[in-house]
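Participant: Could you have a look at this structure, given as structure tokens, before my questions?
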Amino acid sequence: MTQDKNDKGFAAAAGEVSIHVIRTDAEGLETGLATLPCGAPAYYARPHHGHNLPVVLVAQEIFGLHEHIRDIVRRFAKIGVFAIAPDFLIRHGDPMTAPDIDAIRAIVAKVPDAETMTAFDEALAWAEGKGGDASHAAITGFCWGGRIAWLYAAHNPRLAACVPWYGRLDGARTKEQPRWPIDVAGEIKVQTLGLYGGDDPSIPYDLILTMKDKLDAAGAPADIIIYDKAPHGFFADYRPSYREKDAHDAWGRMVAFLRAQGVG
């Protein structure tokens with residue numbers, strides 16, 4: 001782990017890069033950028049060797065397809081997975097160069113959920129065409145990407161697994177973003193493990209419990225783990241919100257969960 005206060009691989013609005021930032025090399029991996037049919041770029045990583053690899057779709061935070069998300073993609077590849085992260089925001093603005101969070105939120109608000117679902121459909125098909133096994137595929141996502149993970153699980157029930165990390169569960173309904181995870185709880189058919197912080201003012205504890213109740217009432221194959229003292233972004237090792245113990249535990253739970261569903 002190293003520190004680089006001027007690391008241009010990270011979004012400007014994310015602030016100074018933490019001393020805890022994790023850097024995963026690409027040794028033994030094939031990595032690169034693909035362009036999906038919809039025009040969205042996608043960063044991928046896969047082991048150099050192997051066929052019919054399980055696929056993990058990675059949904060980025062509001063900061064875009066910056067180095068933290070690319071590093072997570074490489075981490076998945078290191079455990080034998082074909083991982084791919086489509087940049088579903090860039091066609092409406094570049095979060096990496098936005099000066100502050102408000103500017104990023106303005107970009108995110110423009111992005112239609114339907115367009116995002118298409119980007120992930122295309123990313124999965126692209127990975128399948130490059131040696132991935134779409135019958136053993138999962139999605140995970142962080143922050144805004146956690147919200148997308150819930151929505152994509154409802155959109156694509158053929159997935160083997162879904163792991164949303166502190167994705168917002170409710171919010172303003174707009175033409176571009178008409179539904180939230182709380183609205184699709186009854187539609188979840190995919191094995192799902194939610195990973196949330198109990199000290200996250202953007203996602204109140206009571207709302208997480210309401211989501212759990214809705215999932216239970218619908219008989220959804222889903223559970224949510226709450227890390228009581230963890231804030232929003234507790235897995236983001238490049239930010240002050242990082243909580244190493246909880247992040248390590250949650251990553252291990254996720255990997256074990258994915259493998260139990262045949263992904264990994």
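Labels used: A, B, ... for chains in the order of the structure tokens, numbers from 1 for residues in each chain, and numbers from 1 for ligands as shown.
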Show me, as JSON, numbers by chain, the residues that have an atom within 12 Å of A:Gly171 when counting only C-alpha atoms, minus same-chain residues fewer than 5 positions from it.
Facilitator: {"A": [109, 144, 147, 177, 178, 179, 180, 181, 182, 183, 202, 203, 204, 207]}
Participant: At a cut-off of 9 Å, can you tabulate as a tab-separated table every residue of stretch 94-208 of chain A near stretch 250-255 of chain A together with its closest atom pair and the distance in Å to one decimal, using only C-alpha atoms and ordering rows by chain then number?
Facilitator:
```
residue	atom	partner	partner_atom	distance
A:Val163	CA	A:Met254	CA	7.0
A:Leu193	CA	A:Met254	CA	7.5
A:Leu195	CA	A:Ala250	CA	6.9
```
Participant: Can you work out which one of A:Leu215, A:Ala153, A:Ala256, A:Ala40 has the shortest atom-to-atom distance to A:Thr140, counting only C-alpha atoms?
Facilitator: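 Of A:Leu215, A:Ala153, A:Ala256, A:Ala40, the one nearest A:Thr140 is A:Ala153, counting only C-alpha atoms.
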Participant: Produce a table with one row for each residue of stretch 30-103 of chain A that has an atom at most 12 Å from any atom of stretch 233-245 of chain A, each row naming the nearest atom pair and its distance in Å at one decimal; use only C-alpha atoms; arrange rows by chain and rising residue number; format as a Markdown table.
Facilitator:
```
| residue | atom | partner | partner_atom | distance |
| --- | --- | --- | --- | --- |
| A:Gln60 | CA | A:Ala236 | CA | 11.4 |
| A:Glu61 | CA | A:Gly233 | CA | 9.4 |
| A:Ile62 | CA | A:Gly233 | CA | 11.3 |
| A:Phe63 | CA | A:Ala236 | CA | 11.3 |
| A:His66 | CA | A:Tyr238 | CA | 11.1 |
| A:Glu67 | CA | A:Tyr238 | CA | 9.5 |
| A:His68 | CA | A:Tyr238 | CA | 7.3 |
| A:Ile69 | CA | A:Ala236 | CA | 9.4 |
| A:Asp71 | CA | A:Asp237 | CA | 10.6 |
| A:Ile72 | CA | A:Ala236 | CA | 10.1 |
```
Participant: Please produce a file of the residues just selected, as a CSV table (one decimal), in the first residue's frame, where the atoms kept are N, CA, C and O atoms.
Facilitator:
```csv
chain,number,residue,atom,x,y,z
A,60,GLN,N,-19.9,1.0,-10.6
A,60,GLN,CA,-19.0,2.0,-10.0
A,60,GLN,C,-19.8,2.9,-9.0
A,60,GLN,O,-21.0,3.0,-9.0
A,61,GLU,N,-19.0,3.6,-8.2
A,61,GLU,CA,-19.6,4.7,-7.4
A,61,GLU,C,-19.9,5.9,-8.2
A,61,GLU,O,-19.7,5.9,-9.4
A,62,ILE,N,-20.3,7.0,-7.6
A,62,ILE,CA,-20.6,8.2,-8.3
A,62,ILE,C,-19.4,8.9,-8.8
A,62,ILE,O,-19.4,9.8,-9.7
A,63,PHE,N,-18.2,8.4,-8.4
A,63,PHE,CA,-16.9,9.0,-8.8
A,63,PHE,C,-16.5,8.5,-10.2
A,63,PHE,O,-15.4,9.0,-10.7
A,66,HIS,N,-13.0,5.3,-11.9
A,66,HIS,CA,-11.6,5.7,-11.5
A,66,HIS,C,-10.8,4.5,-10.9
A,66,HIS,O,-11.3,3.4,-11.0
A,67,GLU,N,-9.7,4.8,-10.4
A,67,GLU,CA,-8.7,3.7,-10.1
A,67,GLU,C,-9.2,2.8,-9.0
A,67,GLU,O,-8.9,1.6,-9.1
A,68,HIS,N,-10.0,3.2,-8.1
A,68,HIS,CA,-10.5,2.3,-7.0
A,68,HIS,C,-11.4,1.2,-7.7
A,68,HIS,O,-11.2,0.0,-7.3
A,69,ILE,N,-12.3,1.6,-8.6
A,69,ILE,CA,-13.1,0.6,-9.2
A,69,ILE,C,-12.3,-0.3,-10.1
A,69,ILE,O,-12.5,-1.6,-10.1
A,71,ASP,N,-9.2,-1.1,-9.6
A,71,ASP,CA,-8.5,-2.0,-8.7
A,71,ASP,C,-9.4,-3.2,-8.3
A,71,ASP,O,-8.9,-4.3,-8.2
A,72,ILE,N,-10.6,-2.9,-8.0
A,72,ILE,CA,-11.6,-3.9,-7.5
A,72,ILE,C,-11.7,-4.9,-8.7
A,72,ILE,O,-11.8,-6.2,-8.4
```
Participant: If you run DSSP over the backbone, which residues in stretch 131-243 of chain A end up alpha helix (DSSP H)? Put them as an NGL selection string.
Facilitator: :A and (144-155 or 181-184 or 205-217)
Participant: Let me make sure I understand: among A:Val111, A:Ala127, A:Val58, A:Ala42, which one has the smallest atom-to-atom distance to A:Tyr152 if we use only C-alpha atoms?
Facilitator: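 Checking each of A:Val111, A:Ala127, A:Val58, A:Ala42 against A:Tyr152, counting only C-alpha atoms, the winner is A:Val58.
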Participant: Using only C-alpha atoms, find the one residue out of A:Ala11, A:Leu89, A:Ala230, A:Ala260 that sits nearest to A:Asp199.
Facilitator: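 Of A:Ala11, A:Leu89, A:Ala230, A:Ala260, the one nearest A:Asp199 is A:Ala230, counting only C-alpha atoms.
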Participant: How would you write, as a list in words, the set of residues in stretch 155-188 of chain A that DSSP gives as strand (DSSP E)?
Facilitator: Ala161, Cys162, Val163, Pro164 and Trp165 of chain A
Participant: Now that the selection is made, can you save its residues with N, CA, C and O atoms as a short mmCIF file (atom, residue, chain, number, x, y, z; two decimals), in the first residue's frame?
Facilitator:
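In the end it all went to again.cif:
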```cif
data_model
loop_
_atom_site.label_atom_id
_atom_site.label_comp_id
_atom_site.auth_asym_id
_atom_site.auth_seq_id
_atom_site.Cartn_x
_atom_site.Cartn_y
_atom_site.Cartn_z
N ALA A 161 -26.00 -14.27 -8.65
CA ALA A 161 -25.83 -13.59 -7.37
C ALA A 161 -25.75 -12.08 -7.56
O ALA A 161 -25.43 -11.58 -8.64
N CYS A 162 -26.04 -11.37 -6.47
CA CYS A 162 -25.99 -9.92 -6.44
C CYS A 162 -25.45 -9.49 -5.08
O CYS A 162 -25.89 -10.01 -4.04
N VAL A 163 -24.48 -8.55 -5.08
CA VAL A 163 -23.91 -8.06 -3.81
C VAL A 163 -23.85 -6.53 -3.85
O VAL A 163 -22.89 -5.95 -4.35
N PRO A 164 -24.88 -5.85 -3.32
CA PRO A 164 -24.85 -4.39 -3.25
C PRO A 164 -24.12 -3.93 -1.98
O PRO A 164 -24.42 -4.40 -0.88
N TRP A 165 -23.20 -3.00 -2.16
CA TRP A 165 -22.50 -2.39 -1.03
C TRP A 165 -23.06 -0.99 -0.80
O TRP A 165 -22.95 -0.12 -1.64
#
```
Participant: Name all residues at most 12 Å from A:Glu115 (count only C-alpha atoms; drop same-chain ones fewer than 4 positions away) and give them as a list in words.
Facilitator: Pro37, Cys38, Gly39, Ala40, Pro86, Asp87, Phe88, Leu89, Ile90, Arg91, His92, Lys110, Val111, Ala119, Phe120, Asp121, Glu122, Ile148, Tyr152, Glu176 and Gln177 of chain A
Participant: Counting only C-alpha atoms, which of A:Asp100, A:Asp228, A:Asp170, A:Asp249 gets nearest to A:Met211?
Facilitator: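 For A:Met211, the nearest of the candidates is A:Asp170.
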